[in-house]
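*Asks:* Here you go, work00.cif (mmCIF, C-alpha atoms):
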data_input
loop_
_atom_site.label_atom_id
_atom_site.label_comp_id
_atom_site.auth_asym_id
_atom_site.auth_seq_id
_atom_site.Cartn_x
_atom_site.Cartn_y
_atom_site.Cartn_z
CA MET A 181 58.12 132.39 164.01
CA SER A 182 58.89 134.65 166.93
CA GLN A 183 58.51 137.76 164.78
CA SER A 184 54.89 136.94 164.20
CA LEU A 185 54.13 137.41 167.90
CA SER A 186 53.84 141.10 167.30
CA VAL A 187 50.99 140.78 164.83
CA CYS A 188 47.31 140.22 165.43
CA TRP A 189 46.02 137.69 167.91
CA SER A 190 44.91 135.19 165.28
CA SER A 191 48.54 134.77 164.20
CA VAL A 192 49.52 134.16 167.80
CA GLN A 193 46.90 131.47 168.03
CA ALA A 194 48.22 129.93 164.83
CA ILE A 195 51.60 129.51 166.41
CA THR A 196 50.22 127.60 169.33
CA ALA A 197 48.10 125.39 167.08
CA LYS A 198 49.25 121.83 166.72
CA ALA A 199 48.79 121.69 162.96
CA PRO A 200 51.86 122.90 161.08
CA VAL A 201 49.80 124.15 158.11
CA GLN A 202 48.40 127.67 158.46
CA ALA A 203 44.61 127.79 158.52
CA GLU A 204 44.49 130.24 155.60
CA LYS A 205 46.15 127.69 153.34
CA LEU A 206 43.76 124.85 154.10
CA SER A 207 40.95 123.87 151.76
CA ASN A 208 37.43 124.39 153.06
CA TYR A 209 37.16 120.67 153.73
CA ASP A 210 40.41 120.48 155.70
CA LEU A 211 39.58 123.65 157.55
CA VAL A 212 36.34 122.14 158.82
CA LEU A 213 38.21 118.95 159.73
CA GLN A 214 40.73 120.98 161.70
CA CYS A 215 37.92 122.74 163.56
CA GLN A 216 36.47 119.35 164.42
CA ALA A 217 39.75 118.06 165.88
CA GLY A 218 40.31 118.32 169.62
CA HIS A 219 37.98 119.07 172.47
CA CYS A 220 37.00 122.48 171.09
CA PRO A 221 37.77 124.13 167.74
CA ASP A 222 41.25 125.48 167.18
CA LYS A 223 40.90 129.25 167.39
CA ALA A 224 42.97 130.11 164.33
CA ALA A 225 41.12 127.58 162.20
CA PHE A 226 37.79 128.76 163.52
CA ALA A 227 38.63 132.41 162.86
CA GLU A 228 39.51 131.46 159.29
CA LEU A 229 36.20 129.62 158.96
CA VAL A 230 34.43 132.76 160.12
CA ARG A 231 36.36 134.82 157.58
CA ARG A 232 35.36 132.53 154.69
CA TYR A 233 31.68 132.09 155.54
CA GLN A 234 30.75 135.26 157.39
CA SER A 235 29.37 136.93 154.26
CA HIS A 236 27.12 133.95 153.58
CA VAL A 237 25.61 134.12 157.07
CA GLU A 238 25.20 137.90 156.76
CA LYS A 239 23.50 137.51 153.39
CA VAL A 240 21.09 134.85 154.62
CA LEU A 241 20.07 136.81 157.71
CA TYR A 242 19.96 140.11 155.82
CA HIS A 243 17.36 138.75 153.42
CA LEU A 244 15.44 136.70 155.96
CA ALA A 245 15.20 139.59 158.41
CA PRO A 246 15.82 142.81 156.49
CA ASP A 247 14.19 145.05 159.10
CA TRP A 248 15.76 143.57 162.25
CA THR A 249 18.18 145.97 163.86
CA ASP A 250 19.98 143.35 165.97
CA ARG A 251 21.25 141.16 163.16
CA ALA A 252 24.84 141.46 164.47
CA ASP A 253 23.77 139.58 167.61
CA LEU A 254 22.11 136.91 165.50
CA VAL A 255 25.24 136.52 163.41
CA GLN A 256 27.27 136.04 166.59
CA GLU A 257 24.79 133.50 167.91
CA VAL A 258 25.02 131.52 164.67
CA TRP A 259 28.79 131.28 165.05
CA ILE A 260 28.54 130.35 168.73
CA ARG A 261 26.31 127.45 167.71
CA VAL A 262 28.80 126.49 165.01
CA TYR A 263 31.65 126.61 167.54
CA ARG A 264 29.81 124.37 169.95
CA ASN A 265 28.39 121.86 167.48
CA ILE A 266 30.85 121.60 164.62
CA ARG A 267 32.07 118.23 165.87
CA ARG A 268 28.58 116.84 165.27
CA LEU A 269 28.78 117.60 161.53
CA ASN A 270 29.40 114.21 159.92
CA ASP A 271 30.36 115.32 156.44
CA PRO A 272 32.60 118.43 156.17
CA VAL A 273 31.54 118.81 152.52
CA LYS A 274 28.08 119.78 153.77
CA PHE A 275 29.35 122.56 156.01
CA ARG A 276 27.77 125.39 154.00
CA GLY A 277 24.32 123.79 154.02
CA TRP A 278 24.69 122.95 157.71
CA LEU A 279 25.65 126.55 158.44
CA SER A 280 22.65 127.81 156.45
CA ARG A 281 20.40 125.54 158.42
CA ILE A 282 21.74 126.86 161.72
CA ALA A 283 21.14 130.45 160.58
CA THR A 284 17.65 129.60 159.33
CA ASN A 285 16.68 127.75 162.50
CA LEU A 286 17.93 130.63 164.59
CA PHE A 287 15.92 133.06 162.49
CA TYR A 288 12.74 131.01 162.97
CA ASP A 289 13.38 130.65 166.72
CA GLU A 290 13.68 134.42 166.96
CA LEU A 291 10.70 135.01 164.70
CA ARG A 292 8.51 132.84 166.92
CA LYS A 293 9.70 134.70 170.04
CA ARG A 294 9.00 138.07 168.46
CA LYS A 295 5.57 137.04 167.25
CA ARG A 296 4.69 135.90 170.76
CA THR A 297 5.76 139.17 172.33
CA ALA A 298 4.63 141.61 169.64
CA PRO A 299 1.31 141.93 167.82
CA PRO A 300 1.57 140.51 164.31
CA LEU A 301 2.12 142.88 161.45
CA SER A 302 -0.92 143.69 159.41
CA LEU A 303 0.87 142.12 156.46
CA ASP A 304 0.58 138.69 158.09
CA ALA A 305 -3.18 138.62 158.28
CA PRO A 306 -4.14 138.07 154.65
CA LEU A 307 -1.09 135.90 154.04
CA SER A 308 -1.67 133.50 156.88
CA VAL A 309 -5.19 132.82 155.66
CA GLU A 310 -4.52 132.41 152.01
CA ASP A 311 -1.65 132.96 149.61
CA GLY A 312 -3.82 135.16 147.49
CA GLU A 313 -2.14 138.43 148.34
CA MET A 314 0.12 138.42 145.31
CA ASP A 315 -1.39 138.36 141.87
CA TRP A 316 -0.17 136.59 138.78
CA GLU A 317 0.15 139.52 136.44
CA ILE A 318 3.03 138.93 134.11
CA ALA A 319 5.36 141.81 133.41
CA ALA A 320 4.99 143.51 130.06
CA ASP A 321 7.17 142.13 127.32
CA THR A 322 8.38 145.47 126.13
CA PRO A 323 11.50 146.71 127.88
CA GLY A 324 11.64 150.18 129.32
CA PRO A 325 14.59 151.81 127.62
CA ASP A 326 14.14 155.01 129.58
CA GLU A 327 15.59 153.39 132.69
CA ASN A 328 19.16 152.37 132.24
CA LEU A 329 20.14 150.56 135.41
CA THR A 330 23.72 150.10 136.35
CA THR A 331 24.66 146.88 138.07
CA ARG A 332 24.83 148.58 141.46
CA GLU A 333 21.43 150.14 141.01
CA PHE A 334 20.04 146.83 139.89
CA TYR A 335 21.21 145.04 143.03
CA ASP A 336 19.88 147.87 145.17
CA GLN A 337 16.52 147.41 143.48
CA LEU A 338 16.70 143.64 143.83
CA ASN A 339 17.44 143.97 147.55
CA ALA A 340 14.57 146.40 147.96
CA ALA A 341 12.21 144.17 145.98
CA ILE A 342 13.13 141.13 148.11
CA SER A 343 12.61 143.01 151.35
CA ASP A 344 9.26 144.29 150.04
CA LEU A 345 7.95 140.77 149.55
CA PRO A 346 5.48 139.58 152.17
CA GLU A 347 7.28 137.57 154.83
CA ALA A 348 6.08 134.09 153.80
CA PHE A 349 7.14 134.67 150.20
CA ARG A 350 10.42 136.34 151.11
CA THR A 351 11.60 133.57 153.42
CA THR A 352 10.63 130.90 150.90
CA ILE A 353 12.45 132.48 147.96
CA VAL A 354 15.51 133.21 150.12
CA LEU A 355 15.68 129.61 151.31
CA ARG A 356 15.53 128.53 147.67
CA GLU A 357 17.64 131.07 145.83
CA ILE A 358 20.21 132.08 148.43
CA GLN A 359 20.45 128.92 150.47
CA GLY A 360 19.76 126.51 147.60
CA MET A 361 17.41 124.35 149.65
CA ALA A 362 15.22 121.71 148.03
CA TYR A 363 11.45 122.24 148.09
CA GLU A 364 11.00 119.40 150.55
CA GLU A 365 13.45 120.93 153.01
CA ILE A 366 11.76 124.32 152.68
CA ALA A 367 8.37 122.71 153.29
CA GLU A 368 9.74 121.07 156.42
CA ILE A 369 11.25 124.29 157.78
CA THR A 370 8.33 126.54 156.97
CA GLY A 371 5.69 123.98 157.94
CA VAL A 372 3.67 124.12 154.71
CA SER A 373 2.96 121.66 151.90
CA LEU A 374 5.18 121.11 148.88
CA GLY A 375 2.47 122.64 146.69
CA THR A 376 2.48 125.81 148.78
CA VAL A 377 6.27 126.04 148.56
CA LYS A 378 6.10 125.65 144.79
CA SER A 379 3.40 128.29 144.51
CA ARG A 380 5.14 130.76 146.83
CA ILE A 381 8.43 130.47 144.98
CA ALA A 382 6.72 131.00 141.62
CA ARG A 383 4.73 133.99 142.84
CA ALA A 384 7.73 135.58 144.53
CA ARG A 385 9.67 135.24 141.29
CA LEU A 386 6.86 136.72 139.32
CA ARG A 387 6.68 139.73 141.65
CA LEU A 388 10.45 140.22 141.46
CA GLN A 389 10.41 139.88 137.68
CA THR A 390 7.67 142.46 137.44
CA GLN A 391 9.57 144.94 139.58
CA LEU A 392 12.86 144.35 137.78
CA GLU A 393 11.49 143.91 134.28
CA HIS A 394 13.56 146.73 132.78
CA TYR A 395 16.76 144.96 133.67
CA LEU A 396 15.61 141.40 133.04
CA ASN A 397 14.26 142.19 129.59
CA GLY A 398 17.52 143.78 128.53
CA MET B 39 -0.88 140.58 130.36
CA SER B 40 0.72 137.72 128.44
CA ASN B 41 0.67 135.98 125.11
CA PHE B 42 -0.96 132.87 126.52
CA ASN B 43 -4.42 134.10 125.44
CA ASN B 44 -4.50 131.87 122.37
CA GLU B 45 -5.43 129.03 124.75
CA THR B 46 -8.84 130.28 125.73
CA ASP B 47 -11.22 133.23 125.77
CA SER B 48 -12.04 132.92 129.42
CA SER B 49 -9.93 135.24 131.53
CA ALA B 50 -10.33 133.08 134.67
CA PHE B 51 -9.25 129.99 132.80
CA HIS B 52 -6.47 131.98 131.22
CA GLU B 53 -5.31 133.10 134.67
CA THR B 54 -5.29 129.53 135.98
CA LEU B 55 -3.44 128.29 132.96
CA LEU B 56 -0.94 131.07 133.27
CA ARG B 57 -0.36 130.31 136.94
CA ASP B 58 0.03 126.60 136.32
CA ARG B 59 2.45 127.14 133.48
CA PHE B 60 4.52 129.66 135.35
CA GLU B 61 4.62 127.44 138.44
CA LEU B 62 5.73 124.51 136.36
CA LEU B 63 8.37 126.59 134.63
CA SER B 64 9.61 127.90 137.98
CA ALA B 65 9.79 124.37 139.41
CA TYR B 66 11.57 123.25 136.23
CA VAL B 67 14.29 125.86 136.78
CA ASP B 68 14.79 124.39 140.26
CA GLY B 69 14.85 120.80 139.00
CA GLU B 70 11.72 120.04 141.04
CA VAL B 71 9.58 118.45 138.32
CA SER B 72 8.68 114.89 137.35
CA ALA B 73 9.94 113.33 134.11
CA ALA B 74 6.58 113.93 132.42
CA GLU B 75 6.50 117.57 133.55
CA ARG B 76 10.04 118.06 132.30
CA ARG B 77 9.07 116.77 128.86
CA GLN B 78 6.07 119.09 128.84
CA VAL B 79 8.13 122.16 129.74
CA GLU B 80 10.79 121.29 127.20
CA GLU B 81 8.14 121.05 124.54
CA TRP B 82 6.88 124.52 125.45
CA LEU B 83 10.41 125.83 125.45
CA ALA B 84 10.94 124.45 121.96
CA ASN B 85 7.74 125.88 120.49
CA ASP B 86 6.35 128.74 122.56
CA PRO B 87 8.14 132.11 122.39
CA THR B 88 6.28 133.38 125.48
CA VAL B 89 7.49 130.48 127.58
CA GLN B 90 10.97 131.00 126.16
CA GLN B 91 10.92 134.61 127.30
CA LEU B 92 9.60 133.76 130.76
CA HIS B 93 12.29 131.12 131.11
CA SER B 94 14.95 133.59 130.07
CA ARG B 95 13.79 136.07 132.73
CA LEU B 96 13.71 133.35 135.36
CA MET B 97 17.27 132.36 134.56
CA LYS B 98 18.42 135.98 134.73
CA LEU B 99 16.76 136.40 138.08
CA HIS B 100 18.36 133.20 139.32
CA GLN B 101 21.79 134.41 138.19
CA ALA B 102 21.15 137.76 139.83
CA PHE B 103 20.51 136.03 143.15
CA GLU B 104 23.76 134.10 142.79
CA ALA B 105 25.80 137.14 141.85
CA MET B 106 24.17 139.45 144.36
CA PRO B 107 26.88 140.89 146.58
CA ALA B 108 26.69 140.21 150.31
CA PRO B 109 25.45 143.12 152.38
CA VAL B 110 27.92 145.23 154.29
CA ALA B 111 29.07 143.08 157.20
CA THR B 112 27.78 144.05 160.62
CA GLN B 113 31.34 143.60 161.96
CA SER B 114 34.76 142.53 160.72
CA HIS B 115 35.57 138.82 160.83
CA GLN B 116 38.23 139.42 163.52
CA GLU B 117 35.75 141.28 165.70
CA LEU B 118 33.18 138.58 165.12
CA ALA B 119 35.56 135.71 165.96
CA SER B 120 36.80 137.54 169.08
CA ALA B 121 33.24 138.18 170.21
CA VAL B 122 32.37 134.50 169.69
CA PHE B 123 35.40 133.30 171.69
CA GLU B 124 34.65 135.79 174.45
CA ARG B 125 31.00 134.80 174.72
CA VAL B 126 31.77 131.08 174.64
CA GLU B 127 34.38 131.49 177.38
CA ARG B 128 32.11 133.73 179.44
CA ARG B 129 29.30 131.18 179.30
CA SER B 130 31.77 128.42 180.13
CA ARG B 131 33.09 130.40 183.15
CA ARG B 132 29.54 131.05 184.29
CA ARG B 133 28.76 127.33 184.09
CA TRP B 134 31.88 126.56 186.14
CA PHE B 135 30.97 129.25 188.64
CA LEU B 136 27.43 127.94 189.06
CA GLY B 137 28.76 124.36 189.30
CA GLY B 138 31.28 125.45 191.92
CA LEU B 139 28.61 127.28 193.83
CA ALA B 140 26.42 124.18 193.86
CA ALA B 141 29.39 122.07 195.03
CA LEU B 142 30.17 124.56 197.80
CA ALA B 143 26.58 124.52 198.94
CA ALA B 144 26.62 120.73 199.03
CA VAL B 145 29.83 120.75 201.09
CA ALA B 146 28.38 123.33 203.49
CA VAL B 147 25.23 121.29 204.03
CA GLY B 148 27.34 118.18 204.60
CA ALA B 149 29.52 119.99 207.12
CA VAL B 150 26.52 121.29 209.05
CA SER B 151 25.03 117.84 209.22
CA VAL B 152 28.28 116.48 210.64
CA LEU B 153 28.79 119.27 213.18
CA LEU B 154 25.23 119.23 214.48
CA PRO B 155 24.69 115.62 215.49
CA GLY B 156 21.49 113.85 216.18
CA GLU B 157 18.18 115.61 216.54
CA GLN B 158 19.64 119.13 216.31
CA SER B 159 20.75 118.52 212.81
CA PRO B 160 18.72 120.44 210.29
CA ILE B 161 19.10 117.57 207.89
CA PRO B 162 15.91 115.55 207.53
CA GLN B 163 16.26 112.20 209.21
CA LEU B 164 14.48 108.95 208.83
CA ALA B 165 11.82 108.55 211.43
CA ASN B 166 13.01 106.31 214.21
CA GLU B 167 10.56 107.27 216.89
CA SER B 168 8.50 104.15 216.38
CA THR B 169 11.17 102.03 217.95
CA LYS B 170 11.01 103.97 221.17
CA GLU B 171 8.69 102.64 223.84
CA VAL B 172 7.07 105.44 225.80
CA PRO B 173 6.43 103.96 229.22
CA LEU B 174 3.26 104.93 231.00
CA LYS B 175 3.87 106.70 234.23
CA SER B 176 3.12 104.49 237.16
CA GLY B 177 1.39 107.34 238.97
CA ASN B 178 -0.92 108.15 236.16
CA THR B 179 -4.11 109.28 237.81
CA SER B 180 -6.23 109.55 234.71
CA GLU B 181 -8.63 106.73 234.26
CA PRO B 182 -8.35 104.66 231.12
CA LEU B 183 -11.13 105.22 228.64
CA LEU B 184 -13.76 102.61 229.08
CA ILE B 185 -16.44 102.09 226.48
CA ALA B 186 -19.39 99.91 227.23
CA LEU B 187 -19.98 97.89 224.15
CA ASP B 188 -23.59 97.10 224.93
CA ARG B 189 -24.70 100.72 225.33
CA PRO B 190 -24.35 103.59 222.88
CA LEU B 191 -22.36 106.59 224.00
CA VAL B 192 -25.18 108.93 223.03
CA GLU B 193 -28.84 108.10 223.36
CA ILE B 194 -30.16 107.62 219.88
CA PRO B 195 -33.80 108.60 219.38
CA LYS B 196 -35.90 105.87 217.89
CA SER B 197 -37.26 108.06 215.15
CA PRO B 198 -34.65 108.48 212.44
CA VAL B 199 -34.02 111.94 211.06
CA ALA B 200 -34.74 110.85 207.52
CA PRO B 201 -36.93 107.80 207.55
CA ASP B 202 -36.79 105.51 204.60
CA ARG B 203 -40.12 106.31 203.05
CA SER B 204 -39.87 103.71 200.39
CA SER B 205 -39.57 100.88 202.83
CA GLU B 206 -42.05 102.30 205.31
CA GLY B 207 -44.80 102.95 202.83
CA LEU B 208 -44.52 106.75 203.26
CA LYS B 209 -45.96 106.64 206.73
CA PRO B 210 -43.52 108.27 209.09
CA GLU B 211 -46.28 109.21 211.49
CA ARG B 212 -46.61 105.60 212.54
CA GLU B 213 -43.14 105.58 214.03
CA VAL B 214 -43.63 108.86 215.87
CA THR B 215 -46.74 107.60 217.53
CA GLN B 216 -44.99 104.51 218.69
#
Show the structure stored in the file as structure tokens.
*Replies:*
Amino acid sequence: MSQSLSVCWSSVQAITAKAPVQAEKLSNYDLVLQCQAGHCPDKAAFAELVRRYQSHVEKVLYHLAPDWTDRADLVQEVWIRVYRNIRRLNDPVKFRGWLSRIATNLFYDELRKRKRTAPPLSLDAPLSVEDGEMDWEIAADTPGPDENLTTREFYDQLNAAISDLPEAFRTTIVLREIQGMAYEEIAEITGVSLGTVKSRIARARLRLQTQLEHYLNG
Amino acid sequence: MSNFNNETDSSAFHETLLRDRFELLSAYVDGEVSAAERRQVEEWLANDPTVQQLHSRLMKLHQAFEAMPAPVATQSHQELASAVFERVERRSRRRWFLGGLAALAAVAVGAVSVLLPGEQSPIPQLANESTKEVPLKSGNTSEPLLIALDRPLVEIPKSPVAPDRSSEGLKPEREVTQ
């Protein structure tokens, strides 16, 4: 064990941890349990938790706030909240959903702050009144063979299409498709009716389908 | 547009129908429909090629969301974990510092109140002056205030400033002449 003292700090922390099993070898469930043990999370276990779920947090915040330049700070704040509150999570199986909720709540806290301090974007005006900004035109059935998208190009286009969606539609579809939230939960978070959630999700999908029709028809 | 136009000639009605169907299909993909709605959608899926195609696109889009790679991380997981530990510890130290500062202030105030006894103490004290009797000086030359109860201090004119006209029948002149 003494040889491992020369490696990175997380290994050093692992040595001092009480649990004999290395954090990397634990299942997600046991890893969360280990983070919940003790007065504050074991550092090695927590670092491993960060390693496993960091991409999920990045993905959620990337799509919720594609044009925010300080997302790294938000990501850090999410994990600080996780560090402080992980003992309150009753069921370790629900860690991913709990983590998503923390990221989403943080995003909405920030969004409210920024809307208070900055004038609203012109995009908000028609959307806040009515959801009539996006039409229902269905994409043509015929595929466009002239555009042969590679997978990479497709995901670039998908990312661009998501970030082009008006904010209310983007957040709703992200909460559904990336975070897997139920309509009721989305309605609660976004403060709209179930019918509005259903309509926004459908219209966002229709817009995305229209923009990506060449790939989706293939 | 779509192949739903066998339902009606009206474009507005067609639009509404299209929206309703697509919404229902979208909710069906998410498992957010009632039993009756599910049966309805499954009937469409069995018989309507347009609905079949829309459903196929929806499923592809759904899979694309699932398979979509995460964006490039804003920092490595080691950097992120280190930053989290550092910020948590810094906030914790700051809380301790502020707590210590408050404790020191409390001790300082206590010490001052002990070292400066009695009335010099800056600490607020309960009023105890009422218990002290202030004796009148025996050689007090000032006369005590005497008020004659049967005479007013100031001569009050008989005519009031604002006579009660209602009770006097609006005749104030009568009082003046008296």
*Asks:* I'd like the contact shell of region 82-96 of chain B - 7 Å cut-off, all atoms listed in the file, skipping same-chain residues fewer than 4 positions apart - returned as a count of residues only.
*Replies:* 6
*Asks:* Around region 369-372 of chain A, fit a box with edges along x, y and z, padding it by 3 Å on each side, then list its centre and edge lengths in Å to one decimal as lines of an AutoDock Vina configuration file.
*Replies:*
center_x = 7.5
center_y = 125.3
center_z = 156.3
size_x = 13.6
size_y = 8.6
size_z = 9.2
*Asks:* How would you write as a PyMOL selection string the residues that get within 12 Å of (11.5, 131.5, 163.1) in the file's frame, counting all atoms listed in the file?
*Replies:* chain A and resi 241+244-245+281-296+347-348+351+369-371
*Asks:* If you apply the PyMOL selection byres ((chain B) within 7 of (chain A)) to this file, what residues do you get, as a list of chain:residue names?
*Replies:*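 This file, filtered by the PyMOL selection byres ((chain B) within 7 of (chain A)), leaves B:Met39, B:Ser40, B:Arg57, B:Phe60, B:Glu61, B:Ser64, B:Ala65, B:Arg95, B:Lys98, B:His100, B:Phe103, B:Glu104, B:Met106, B:Ala108, B:Pro109, B:Ala111, B:Thr112, B:His115, B:Leu118, B:Ala119, B:Val122, B:Val126.
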*Asks:* Calculated over all atoms listed in the file, which of the candidates A:Tyr209, A:Val201, A:Thr376, A:Ala367 has the smallest distance to Arg276 (chain A)?
*Replies:*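 When distances to Arg276 (chain A) are compared using all atoms listed in the file, the smallest one comes from A:Tyr209.
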